[in-house]
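K.L.:
Have a look at this one before I ask anything.
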Amino acid sequence: MRSQFKVLISIAAIGTAALAYQYTVSNSISAVEPAVLQRQIDTSSAKFVGRTRCIVCHAKENELWTGSHHDLAMQLAESETVLGNFDNATFDYYGIVSTFYKKDDRFFVNTDGPDGKLSDYEIKYVFGVTPLQQYLVAFPGGRLQTLPIAWDTRSPEEGGQSWFHLYADEKITHGDELHWSGINQNWNYMCAECHSTNLQKNFSIDDKTYHTTWSEMDVSCEACHGPASVHVELAGALSKEELEQIPLSGLLIDFPGTTPGEWSFPADASIAELQSQRSSTKLIETCARCHSRRISLNPEKPYLKSLYDTHLVSILDQDLYYADGQVDAEVYVYGSFIQSKMYRAGVSCNDCHNVHSLQLLAKGNGLCLQCHRQNKYDVQTHHFHPLNSAGAQCVSCHMPAKKFMVIDNRHDHSFRIPRPDLSMTTASPNACNQCHSDQSAQWALTQIEQWYGKKKHDFHYGQAVYAGRRGAENAEALLLLLAQDGQQPAIARATAMALLRNYPGPETLNIIRTGLSSEDPLIRLSSLQALDVLAVEDRYPLASSLLSDPLMSVRIHAASTLAAVPRSGLNPKQRKQLDKAIAEYIAVQKGNGDRAFAHVNLGNLYLDLGQYREAEMAFKQAIELERAYLPAFVNLADLYRLQNREEQVEATLQVALSANAGAPMLQYALGLSLVRQKRYDEALTRLQAAALAEPANPQYNLVYAIALNSMGAAEKALAVLEAAHRQRPDNQQLLMPLITINQERGNLPAAITYAEKLLTLSPDNASVRHFLEQLKR
């Protein structure tokens, strides 16, 4: 996905060389009593032994796994594994003709390389199996790059058995950030962590090379169960009965399973209930290490830790989810699932999926009827569609699908009821109109009301998120309501907390205080993010306890939030605690040192610490890695501004614009630099370009309008501000110049109107109230 403001991060990396482990059985183990073994077994140094050791005892599980998506996640490119047509097949992409061919039982493609010229590249690995297969090419520096031309493995009847381009609607050339030879199509970072077992990315920041390794190329037993050497050794020395007396049988991880009768129907109930609370969400979190939108924190032994101790999980960000929480971009299930009533009721991944074959436990509606009475839900009086039709399938209404990678249909796992009314108020899609695309959301709502009667729906978190994103007049009230509502999904409450940073009033501060001590890590994280609106010295008393939070994602965010706190106000114990968390933060960023965002994070940290030289080096490192990552240029320029090096500010931004022409972020920053240099006409041109390119950005419009007014163009300034105010009616910064410019021009009625709006948004602000009274007098 293209983004000028963020790198949307998937995962870590894999490699080129397999690890080997020699299995030995200690002769002494069999002579030790199991009761003694329970105290003596140490699994901390367990090693990866490979699937071949597991299948000796677990043949049934191996049979289920063989041929699964995990088994076929990544393979060597061989005649048995390559599914695409390499019989001199050609593919034309905007005039670039690529040819796929074989030579001496090896597979090649002739296509455009990093210089734009056609060259021959050998296919080293195949990636995935259905509905598409991708192909990996080895590049210098240990890199593997994914070709953008993939093979559609579906049947001809389904439209498959052909080559297709993943960016068919956009011409991607060799200079583009999405070109297959570039950093955004790099397998080591973007794909590898979730396609192999015991993946070690091993990126060297010094020489910018990868030395990626794995213990098994595919997603094998130990990817989920952890290294099994101790378990295998014990199994070879003890009887089954003795082994079962050992905690976890010598494994590192336990997954509470689904047993018959765990779900049952209470008398006269139409939905089954979990009979005993599950003791752990370990299974869900293990799946979520790959099946979620997240950033890897690159920890040691991730299989032993909570998801939030190994990854930073995304909340309902605007570029990932619709306002009501439905999937928009590729978010890989987890963020949807934890919104659902199913999750809150105790449903786990293995209630629907076989964890080894990954297949569904039943076909069609039969899967849902495990827990939903057939005589109530699989009948026309419930779904109002012909029996056995597409519209009568549970997933059609409650798990609408969206295509990713052109042909890959993925179902939303939030298990929601279709809400056409939310489509009309939050611009979110609904399942009805996904099928009936020729009809309106109002038509769909009318149909639902005819079937089920008119219902007054309870408050939905999508209404608050939508208002918060747009800056609607009622946004603050709705976000406060959502943030405090313990009945709402934690991921939605965390999203509200993050959006509340735009409303730094006393109520928000109280909510932040509560959120910082929440049991849910996403809420603690978003509360830390909202703390950024406070002065540095006010943050420490609120957030210092989170420097020792049990979860790494929270600790390092606390470190970033508090890094600028003056050390002079801390005692030795407090300084040591903060320094320890900052060191951990630095280690995490260096672990992601193959991407620019990590170096920008480091640069910002060094700025907070007053280490300007280190900050400059970090920003330059980011630019060297990714010239399309604009925050690196902007932050470097801002560093120069702090040092009064205005010529270098301008030079840095001009270099960035030469490669990213028209980028509003760069135009805005350059406009401010030109203002500081008193080159007002040039500045106005840049500020206008930023405002026109991004009309929904209130800051760009505000500064452009102030510049217009200062140059005597008050009417134009008011027009810009009024248009921006219509888009963001509760933005208080836009209201202030609307008041003052109208006052200066003698239009007191307009000034009073805007002042009254400002007081409505900030009723406790005595200064605004006094100013309004003055205007009325």
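Going by the structure tokens order, chains are called A, B, ..., each with residues numbered from 1, while ligands are numbered from 1 in the order shown.
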Find the residues near Arg728 of chain A: any atom within 8 Å, counting only C-alpha atoms, skip ones fewer than 3 places away on the same chain, and give them as number ranges by chain.
P.N.:
A: 470-472, 696, 698, 724-725, 731
K.L.:
Show me, as number ranges by chain, the residues that have an atom within 10 Å of segment 548-556 of chain A when counting only C-alpha atoms, minus same-chain residues fewer than 5 positions from it.
P.N.:
A: 295-297, 299, 305-313, 516, 521-526, 528, 543, 561-562, 577-578, 580-589
K.L.:
Give me, as a ChimeraX atom specification, all polymer residues having an atom no more than 9 Å from segment 436-444 of chain A, counting only C-alpha atoms and skipping those fewer than 5 positions away in the same chain.
P.N.:
/A:419-424,429-431,449
K.L.:
Using DSSP secondary structure from the backbone, list all alpha helix (DSSP H) positions within segment 470-548 of chain A, as number ranges by chain.
P.N.:
A: 470, 475-484, 490-499, 506-516, 521-530, 536-543
K.L.:
Pick out each residue of segment 105-351 of chain A that DSSP on the backbone tags as strand (DSSP E); I need them as a PDB file with N, CA, C and O atoms, in the first residue's frame.
P.N.:
ATOM      1  N   ARG A 106      15.791 -25.054 -14.131  1.00  0.00           N
ATOM      2  CA  ARG A 106      15.688 -23.887 -13.256  1.00  0.00           C
ATOM      3  C   ARG A 106      14.707 -22.911 -13.888  1.00  0.00           C
ATOM      4  O   ARG A 106      14.487 -22.911 -15.101  1.00  0.00           O
ATOM      5  N   PHE A 107      14.134 -22.061 -13.024  1.00  0.00           N
ATOM      6  CA  PHE A 107      13.056 -21.178 -13.462  1.00  0.00           C
ATOM      7  C   PHE A 107      13.554 -19.728 -13.478  1.00  0.00           C
ATOM      8  O   PHE A 107      14.225 -19.273 -12.539  1.00  0.00           O
ATOM      9  N   PHE A 108      13.185 -19.005 -14.536  1.00  0.00           N
ATOM     10  CA  PHE A 108      13.680 -17.642 -14.723  1.00  0.00           C
ATOM     11  C   PHE A 108      12.549 -16.719 -15.170  1.00  0.00           C
ATOM     12  O   PHE A 108      11.529 -17.166 -15.711  1.00  0.00           O
ATOM     13  N   VAL A 109      12.775 -15.408 -14.964  1.00  0.00           N
ATOM     14  CA  VAL A 109      11.915 -14.391 -15.527  1.00  0.00           C
ATOM     15  C   VAL A 109      12.798 -13.304 -16.121  1.00  0.00           C
ATOM     16  O   VAL A 109      13.815 -12.926 -15.530  1.00  0.00           O
ATOM     17  N   ASN A 110      12.434 -12.836 -17.288  1.00  0.00           N
ATOM     18  CA  ASN A 110      13.077 -11.689 -17.898  1.00  0.00           C
ATOM     19  C   ASN A 110      12.131 -10.512 -17.721  1.00  0.00           C
ATOM     20  O   ASN A 110      11.050 -10.479 -18.318  1.00  0.00           O
ATOM     21  N   THR A 111      12.529  -9.557 -16.879  1.00  0.00           N
ATOM     22  CA  THR A 111      11.632  -8.447 -16.554  1.00  0.00           C
ATOM     23  C   THR A 111      12.438  -7.205 -16.200  1.00  0.00           C
ATOM     24  O   THR A 111      13.677  -7.249 -16.159  1.00  0.00           O
ATOM     25  N   ASP A 112      11.761  -6.105 -15.948  1.00  0.00           N
ATOM     26  CA  ASP A 112      12.461  -4.846 -15.658  1.00  0.00           C
ATOM     27  C   ASP A 112      13.054  -4.880 -14.257  1.00  0.00           C
ATOM     28  O   ASP A 112      12.385  -5.222 -13.285  1.00  0.00           O
ATOM     29  N   LEU A 118      15.305  -4.547 -18.988  1.00  0.00           N
ATOM     30  CA  LEU A 118      14.965  -5.963 -18.927  1.00  0.00           C
ATOM     31  C   LEU A 118      16.207  -6.785 -18.618  1.00  0.00           C
ATOM     32  O   LEU A 118      17.259  -6.619 -19.252  1.00  0.00           O
ATOM     33  N   SER A 119      16.087  -7.652 -17.640  1.00  0.00           N
ATOM     34  CA  SER A 119      17.191  -8.528 -17.257  1.00  0.00           C
ATOM     35  C   SER A 119      16.624  -9.888 -16.862  1.00  0.00           C
ATOM     36  O   SER A 119      15.420 -10.029 -16.584  1.00  0.00           O
ATOM     37  N   ASP A 120      17.504 -10.878 -16.813  1.00  0.00           N
ATOM     38  CA  ASP A 120      17.102 -12.228 -16.429  1.00  0.00           C
ATOM     39  C   ASP A 120      17.307 -12.421 -14.931  1.00  0.00           C
ATOM     40  O   ASP A 120      18.376 -12.091 -14.397  1.00  0.00           O
ATOM     41  N   TYR A 121      16.308 -12.992 -14.269  1.00  0.00           N
ATOM     42  CA  TYR A 121      16.376 -13.255 -12.829  1.00  0.00           C
ATOM     43  C   TYR A 121      15.923 -14.685 -12.566  1.00  0.00           C
ATOM     44  O   TYR A 121      14.890 -15.119 -13.081  1.00  0.00           O
ATOM     45  N   GLU A 122      16.704 -15.379 -11.744  1.00  0.00           N
ATOM     46  CA  GLU A 122      16.324 -16.747 -11.401  1.00  0.00           C
ATOM     47  C   GLU A 122      15.329 -16.747 -10.246  1.00  0.00           C
ATOM     48  O   GLU A 122      15.483 -15.999  -9.270  1.00  0.00           O
ATOM     49  N   ILE A 123      14.304 -17.584 -10.339  1.00  0.00           N
ATOM     50  CA  ILE A 123      13.334 -17.772  -9.268  1.00  0.00           C
ATOM     51  C   ILE A 123      13.935 -18.736  -8.251  1.00  0.00           C
ATOM     52  O   ILE A 123      14.247 -19.877  -8.572  1.00  0.00           O
ATOM     53  N   LYS A 124      14.115 -18.281  -7.017  1.00  0.00           N
ATOM     54  CA  LYS A 124      14.714 -19.109  -5.979  1.00  0.00           C
ATOM     55  C   LYS A 124      13.669 -19.857  -5.151  1.00  0.00           C
ATOM     56  O   LYS A 124      13.875 -21.012  -4.761  1.00  0.00           O
ATOM     57  N   TYR A 125      12.545 -19.185  -4.862  1.00  0.00           N
ATOM     58  CA  TYR A 125      11.534 -19.789  -3.997  1.00  0.00           C
ATOM     59  C   TYR A 125      10.146 -19.462  -4.525  1.00  0.00           C
ATOM     60  O   TYR A 125       9.938 -18.445  -5.207  1.00  0.00           O
ATOM     61  N   VAL A 126       9.194 -20.333  -4.195  1.00  0.00           N
ATOM     62  CA  VAL A 126       7.783 -20.041  -4.438  1.00  0.00           C
ATOM     63  C   VAL A 126       7.152 -19.688  -3.099  1.00  0.00           C
ATOM     64  O   VAL A 126       7.555 -20.182  -2.045  1.00  0.00           O
ATOM     65  N   PHE A 127       6.131 -18.838  -3.166  1.00  0.00           N
ATOM     66  CA  PHE A 127       5.554 -18.264  -1.959  1.00  0.00           C
ATOM     67  C   PHE A 127       4.049 -18.437  -2.006  1.00  0.00           C
ATOM     68  O   PHE A 127       3.369 -17.841  -2.836  1.00  0.00           O
ATOM     69  N   LEU A 132      -3.264 -17.708  -5.101  1.00  0.00           N
ATOM     70  CA  LEU A 132      -2.195 -17.222  -5.962  1.00  0.00           C
ATOM     71  C   LEU A 132      -0.853 -17.723  -5.447  1.00  0.00           C
ATOM     72  O   LEU A 132      -0.726 -18.104  -4.278  1.00  0.00           O
ATOM     73  N   GLN A 133       0.104 -17.735  -6.329  1.00  0.00           N
ATOM     74  CA  GLN A 133       1.471 -18.094  -5.947  1.00  0.00           C
ATOM     75  C   GLN A 133       2.402 -16.981  -6.404  1.00  0.00           C
ATOM     76  O   GLN A 133       2.340 -16.532  -7.547  1.00  0.00           O
ATOM     77  N   GLN A 134       3.268 -16.533  -5.466  1.00  0.00           N
ATOM     78  CA  GLN A 134       4.250 -15.514  -5.793  1.00  0.00           C
ATOM     79  C   GLN A 134       5.637 -16.146  -5.903  1.00  0.00           C
ATOM     80  O   GLN A 134       5.853 -17.290  -5.475  1.00  0.00           O
ATOM     81  N   TYR A 135       6.574 -15.360  -6.421  1.00  0.00           N
ATOM     82  CA  TYR A 135       7.903 -15.893  -6.705  1.00  0.00           C
ATOM     83  C   TYR A 135       8.976 -14.935  -6.183  1.00  0.00           C
ATOM     84  O   TYR A 135       8.847 -13.706  -6.312  1.00  0.00           O
ATOM     85  N   LEU A 136      10.009 -15.516  -5.582  1.00  0.00           N
ATOM     86  CA  LEU A 136      11.064 -14.748  -4.935  1.00  0.00           C
ATOM     87  C   LEU A 136      12.358 -14.815  -5.730  1.00  0.00           C
ATOM     88  O   LEU A 136      12.766 -15.893  -6.193  1.00  0.00           O
ATOM     89  N   VAL A 137      13.010 -13.665  -5.826  1.00  0.00           N
ATOM     90  CA  VAL A 137      14.274 -13.538  -6.550  1.00  0.00           C
ATOM     91  C   VAL A 137      15.340 -13.062  -5.572  1.00  0.00           C
ATOM     92  O   VAL A 137      15.096 -12.154  -4.769  1.00  0.00           O
ATOM     93  N   ALA A 138      16.533 -13.679  -5.629  1.00  0.00           N
ATOM     94  CA  ALA A 138      17.635 -13.289  -4.743  1.00  0.00           C
ATOM     95  C   ALA A 138      18.351 -12.066  -5.306  1.00  0.00           C
ATOM     96  O   ALA A 138      18.685 -12.018  -6.492  1.00  0.00           O
ATOM     97  N   PHE A 139      18.586 -11.088  -4.434  1.00  0.00           N
ATOM     98  CA  PHE A 139      19.311  -9.868  -4.780  1.00  0.00           C
ATOM     99  C   PHE A 139      20.562  -9.787  -3.906  1.00  0.00           C
ATOM    100  O   PHE A 139      20.669 -10.480  -2.883  1.00  0.00           O
ATOM    101  N   ARG A 143      19.162 -10.128   0.198  1.00  0.00           N
ATOM    102  CA  ARG A 143      17.760  -9.768   0.007  1.00  0.00           C
ATOM    103  C   ARG A 143      17.041 -10.774  -0.875  1.00  0.00           C
ATOM    104  O   ARG A 143      17.602 -11.291  -1.838  1.00  0.00           O
ATOM    105  N   LEU A 144      15.780 -11.005  -0.561  1.00  0.00           N
ATOM    106  CA  LEU A 144      14.871 -11.685  -1.469  1.00  0.00           C
ATOM    107  C   LEU A 144      13.761 -10.706  -1.797  1.00  0.00           C
ATOM    108  O   LEU A 144      13.212 -10.054  -0.906  1.00  0.00           O
ATOM    109  N   GLN A 145      13.431 -10.585  -3.074  1.00  0.00           N
ATOM    110  CA  GLN A 145      12.418  -9.644  -3.525  1.00  0.00           C
ATOM    111  C   GLN A 145      11.251 -10.407  -4.160  1.00  0.00           C
ATOM    112  O   GLN A 145      11.459 -11.411  -4.840  1.00  0.00           O
ATOM    113  N   THR A 146      10.036  -9.917  -3.935  1.00  0.00           N
ATOM    114  CA  THR A 146       8.847 -10.590  -4.449  1.00  0.00           C
ATOM    115  C   THR A 146       8.434  -9.980  -5.786  1.00  0.00           C
ATOM    116  O   THR A 146       8.236  -8.767  -5.890  1.00  0.00           O
ATOM    117  N   ILE A 149       4.296  -9.828 -10.440  1.00  0.00           N
ATOM    118  CA  ILE A 149       3.475 -10.653 -11.335  1.00  0.00           C
ATOM    119  C   ILE A 149       3.319 -12.012 -10.674  1.00  0.00           C
ATOM    120  O   ILE A 149       4.306 -12.706 -10.406  1.00  0.00           O
ATOM    121  N   ALA A 150       2.095 -12.371 -10.368  1.00  0.00           N
ATOM    122  CA  ALA A 150       1.811 -13.617  -9.652  1.00  0.00           C
ATOM    123  C   ALA A 150       0.994 -14.557 -10.535  1.00  0.00           C
ATOM    124  O   ALA A 150       0.404 -14.144 -11.537  1.00  0.00           O
ATOM    125  N   TRP A 151       0.964 -15.821 -10.126  1.00  0.00           N
ATOM    126  CA  TRP A 151       0.204 -16.825 -10.874  1.00  0.00           C
ATOM    127  C   TRP A 151      -1.116 -17.098 -10.158  1.00  0.00           C
ATOM    128  O   TRP A 151      -1.145 -17.391  -8.972  1.00  0.00           O
ATOM    129  N   ASP A 152      -2.210 -16.960 -10.906  1.00  0.00           N
ATOM    130  CA  ASP A 152      -3.543 -17.253 -10.383  1.00  0.00           C
ATOM    131  C   ASP A 152      -3.742 -18.764 -10.426  1.00  0.00           C
ATOM    132  O   ASP A 152      -3.862 -19.367 -11.496  1.00  0.00           O
ATOM    133  N   SER A 162      -3.536 -18.177 -14.925  1.00  0.00           N
ATOM    134  CA  SER A 162      -2.958 -17.117 -15.758  1.00  0.00           C
ATOM    135  C   SER A 162      -2.106 -16.213 -14.878  1.00  0.00           C
ATOM    136  O   SER A 162      -2.237 -16.187 -13.650  1.00  0.00           O
ATOM    137  N   TRP A 163      -1.220 -15.456 -15.535  1.00  0.00           N
ATOM    138  CA  TRP A 163      -0.420 -14.459 -14.830  1.00  0.00           C
ATOM    139  C   TRP A 163      -1.240 -13.192 -14.633  1.00  0.00           C
ATOM    140  O   TRP A 163      -2.060 -12.831 -15.469  1.00  0.00           O
ATOM    141  N   PHE A 164      -1.010 -12.492 -13.532  1.00  0.00           N
ATOM    142  CA  PHE A 164      -1.657 -11.202 -13.309  1.00  0.00           C
ATOM    143  C   PHE A 164      -0.731 -10.332 -12.474  1.00  0.00           C
ATOM    144  O   PHE A 164       0.160 -10.817 -11.777  1.00  0.00           O
ATOM    145  N   HIS A 165      -0.933  -9.024 -12.552  1.00  0.00           N
ATOM    146  CA  HIS A 165      -0.094  -8.065 -11.842  1.00  0.00           C
ATOM    147  C   HIS A 165      -0.828  -7.565 -10.601  1.00  0.00           C
ATOM    148  O   HIS A 165      -2.020  -7.271 -10.643  1.00  0.00           O
ATOM    149  N   PHE A 203      19.581  -8.409  10.228  1.00  0.00           N
ATOM    150  CA  PHE A 203      19.971  -7.292   9.362  1.00  0.00           C
ATOM    151  C   PHE A 203      21.123  -6.533   9.998  1.00  0.00           C
ATOM    152  O   PHE A 203      21.089  -6.211  11.187  1.00  0.00           O
ATOM    153  N   SER A 204      22.147  -6.255   9.210  1.00  0.00           N
ATOM    154  CA  SER A 204      23.286  -5.480   9.677  1.00  0.00           C
ATOM    155  C   SER A 204      23.106  -4.029   9.259  1.00  0.00           C
ATOM    156  O   SER A 204      23.096  -3.713   8.062  1.00  0.00           O
ATOM    157  N   THR A 209      23.071  -5.268   5.052  1.00  0.00           N
ATOM    158  CA  THR A 209      22.885  -6.586   4.452  1.00  0.00           C
ATOM    159  C   THR A 209      22.110  -7.480   5.410  1.00  0.00           C
ATOM    160  O   THR A 209      22.120  -7.278   6.625  1.00  0.00           O
ATOM    161  N   TYR A 210      21.435  -8.457   4.820  1.00  0.00           N
ATOM    162  CA  TYR A 210      20.701  -9.456   5.598  1.00  0.00           C
ATOM    163  C   TYR A 210      21.495 -10.752   5.663  1.00  0.00           C
ATOM    164  O   TYR A 210      22.152 -11.150   4.692  1.00  0.00           O
ATOM    165  N   THR A 213      18.123 -16.331   8.581  1.00  0.00           N
ATOM    166  CA  THR A 213      18.143 -17.790   8.725  1.00  0.00           C
ATOM    167  C   THR A 213      16.790 -18.283   9.216  1.00  0.00           C
ATOM    168  O   THR A 213      15.967 -17.519   9.719  1.00  0.00           O
ATOM    169  N   TRP A 214      16.575 -19.561   9.055  1.00  0.00           N
ATOM    170  CA  TRP A 214      15.404 -20.230   9.604  1.00  0.00           C
ATOM    171  C   TRP A 214      15.793 -21.645   9.998  1.00  0.00           C
ATOM    172  O   TRP A 214      16.834 -22.153   9.585  1.00  0.00           O
ATOM    173  N   TRP A 263     -18.860 -26.436  24.813  1.00  0.00           N
ATOM    174  CA  TRP A 263     -19.938 -25.545  24.401  1.00  0.00           C
ATOM    175  C   TRP A 263     -21.245 -26.334  24.450  1.00  0.00           C
ATOM    176  O   TRP A 263     -21.331 -27.425  23.904  1.00  0.00           O
ATOM    177  N   SER A 264     -22.258 -25.802  25.089  1.00  0.00           N
ATOM    178  CA  SER A 264     -23.540 -26.496  25.153  1.00  0.00           C
ATOM    179  C   SER A 264     -24.675 -25.478  25.210  1.00  0.00           C
ATOM    180  O   SER A 264     -24.466 -24.313  25.548  1.00  0.00           O
ATOM    181  N   GLU A 273     -23.332 -21.807  24.958  1.00  0.00           N
ATOM    182  CA  GLU A 273     -22.488 -21.051  25.873  1.00  0.00           C
ATOM    183  C   GLU A 273     -21.291 -21.883  26.293  1.00  0.00           C
ATOM    184  O   GLU A 273     -21.358 -23.114  26.337  1.00  0.00           O
ATOM    185  N   LEU A 274     -20.212 -21.206  26.603  1.00  0.00           N
ATOM    186  CA  LEU A 274     -19.002 -21.856  27.093  1.00  0.00           C
ATOM    187  C   LEU A 274     -19.236 -22.255  28.550  1.00  0.00           C
ATOM    188  O   LEU A 274     -19.600 -21.427  29.382  1.00  0.00           O
ATOM    189  N   ARG A 294       0.517  -5.510  12.668  1.00  0.00           N
ATOM    190  CA  ARG A 294       1.381  -5.205  13.801  1.00  0.00           C
ATOM    191  C   ARG A 294       2.794  -4.894  13.335  1.00  0.00           C
ATOM    192  O   ARG A 294       3.165  -5.148  12.195  1.00  0.00           O
ATOM    193  N   ILE A 295       3.591  -4.391  14.265  1.00  0.00           N
ATOM    194  CA  ILE A 295       5.020  -4.184  14.064  1.00  0.00           C
ATOM    195  C   ILE A 295       5.745  -5.135  15.007  1.00  0.00           C
ATOM    196  O   ILE A 295       5.429  -5.203  16.191  1.00  0.00           O
ATOM    197  N   SER A 296       6.726  -5.836  14.493  1.00  0.00           N
ATOM    198  CA  SER A 296       7.492  -6.744  15.339  1.00  0.00           C
ATOM    199  C   SER A 296       8.453  -5.954  16.216  1.00  0.00           C
ATOM    200  O   SER A 296       9.108  -5.013  15.774  1.00  0.00           O
ATOM    201  N   HIS A 311       4.918  -7.754  19.890  1.00  0.00           N
ATOM    202  CA  HIS A 311       4.477  -6.958  18.746  1.00  0.00           C
ATOM    203  C   HIS A 311       3.688  -5.743  19.223  1.00  0.00           C
ATOM    204  O   HIS A 311       3.092  -5.754  20.304  1.00  0.00           O
ATOM    205  N   LEU A 312       3.664  -4.726  18.377  1.00  0.00           N
ATOM    206  CA  LEU A 312       2.827  -3.551  18.583  1.00  0.00           C
ATOM    207  C   LEU A 312       1.639  -3.682  17.640  1.00  0.00           C
ATOM    208  O   LEU A 312       1.790  -3.593  16.416  1.00  0.00           O
ATOM    209  N   VAL A 313       0.457  -3.929  18.184  1.00  0.00           N
ATOM    210  CA  VAL A 313      -0.740  -4.221  17.389  1.00  0.00           C
ATOM    211  C   VAL A 313      -1.457  -2.924  17.034  1.00  0.00           C
ATOM    212  O   VAL A 313      -1.619  -2.033  17.880  1.00  0.00           O
TER     213      VAL A 313
END
K.L.:
When you count only C-alpha atoms, which of these residues is closest to Val129 of chain A: A:Asn709, A:Thr153, A:Ser357, A:Thr43?
P.N.:
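Ranking A:Asn709, A:Thr153, A:Ser357, A:Thr43 by distance to Val129 of chain A, first place goes to A:Thr153.
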K.L.:
Name the closest residue to Pro266 of chain A among the candidates A:Cys371, A:Leu72, A:Leu607, A:Cys394; distances are taken between atoms, counting only C-alpha atoms.
P.N.:
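Ranking A:Cys371, A:Leu72, A:Leu607, A:Cys394 by distance to Pro266 of chain A, first place goes to A:Cys371.
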K.L.:
Quick one: residues within 7 Å of segment 47-62 of chain A, only C-alpha atoms, excluding same-chain residues fewer than 3 positions away - as a PyMOL selection string?
P.N.:
chain A and resi 21+65-66+215-216+220-222+227-229+356
K.L.:
Using only C-alpha atoms for the distances, tell me which of A:Val355, A:Ala689, A:Ala494, A:Met405 is nearest to Pro148 of chain A.
P.N.:
A:Met405
K.L.:
Could you pull the residues within 12 Å of Phe597 of chain A, counting only C-alpha atoms, minus those fewer than 3 positions along the same chain, as number ranges by chain?
P.N.:
A: 4-9, 295, 588-594, 600-604, 618-633, 635
K.L.:
What does the file look like for those residues with C-alpha atoms, as a JSON list (two decimals), in the first residue's frame?
P.N.:
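Below you can see again-v3.json, which holds the result:
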[["chain", "number", "residue", "atom", "x", "y", "z"],
["A", 4, "GLN", "CA", 3.59, 9.11, 2.18],
["A", 5, "PHE", "CA", 3.05, 9.53, 5.88],
["A", 6, "LYS", "CA", 3.56, 6.07, 7.30],
["A", 7, "VAL", "CA", 5.20, 2.85, 6.42],
["A", 8, "LEU", "CA", 2.51, 0.27, 6.96],
["A", 9, "ILE", "CA", 4.41, -2.52, 8.54],
["A", 295, "ILE", "CA", 5.02, -4.18, 14.06],
["A", 588, "VAL", "CA", 13.67, -2.35, 19.36],
["A", 589, "GLN", "CA", 14.25, 0.39, 16.77],
["A", 590, "LYS", "CA", 17.64, -1.05, 15.84],
["A", 591, "GLY", "CA", 15.97, -4.43, 15.45],
["A", 592, "ASN", "CA", 13.83, -2.80, 12.76],
["A", 593, "GLY", "CA", 16.83, -0.92, 11.40],
["A", 594, "ASP", "CA", 16.18, -2.06, 7.85],
["A", 600, "VAL", "CA", 13.09, 8.40, 12.45],
["A", 601, "ASN", "CA", 11.89, 7.07, 15.80],
["A", 602, "LEU", "CA", 15.49, 7.05, 16.98],
["A", 603, "GLY", "CA", 16.05, 10.56, 15.67],
["A", 604, "ASN", "CA", 13.03, 11.86, 17.54],
["A", 618, "ALA", "CA", 19.50, 8.86, 12.47],
["A", 619, "PHE", "CA", 17.41, 11.01, 10.11],
["A", 620, "LYS", "CA", 20.08, 10.79, 7.40],
["A", 621, "GLN", "CA", 20.19, 7.03, 7.85],
["A", 622, "ALA", "CA", 16.43, 6.92, 7.31],
["A", 623, "ILE", "CA", 16.73, 8.96, 4.11],
["A", 624, "GLU", "CA", 19.48, 6.70, 2.82],
["A", 625, "LEU", "CA", 17.25, 3.66, 3.34],
["A", 626, "GLU", "CA", 14.00, 5.08, 1.95],
["A", 627, "ARG", "CA", 13.96, 8.31, -0.01],
["A", 628, "ALA", "CA", 10.18, 8.06, -0.30],
["A", 629, "TYR", "CA", 9.70, 8.18, 3.49],
["A", 630, "LEU", "CA", 8.90, 11.88, 3.85],
["A", 631, "PRO", "CA", 8.91, 12.22, 7.66],
["A", 632, "ALA", "CA", 12.67, 11.60, 7.55],
["A", 633, "PHE", "CA", 13.22, 14.73, 5.44],
["A", 635, "ASN", "CA", 12.20, 15.86, 10.78]]
K.L.:
Counting only C-alpha atoms, what is within 12 Å of Arg513 of chain A, bar same-chain residues fewer than 4 positions away, as a PyMOL selection string?
P.N.:
chain A and resi 483-484+497+506-509+517-518+523-524+526-528+530-531+538-546
K.L.:
Between A:Gln463, A:Gln374, A:Ser389, A:Gln529, which is the closest to Leu481 of chain A once you count only C-alpha atoms?
P.N.:
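Of A:Gln463, A:Gln374, A:Ser389, A:Gln529, the one nearest Leu481 of chain A is A:Gln463, counting only C-alpha atoms.
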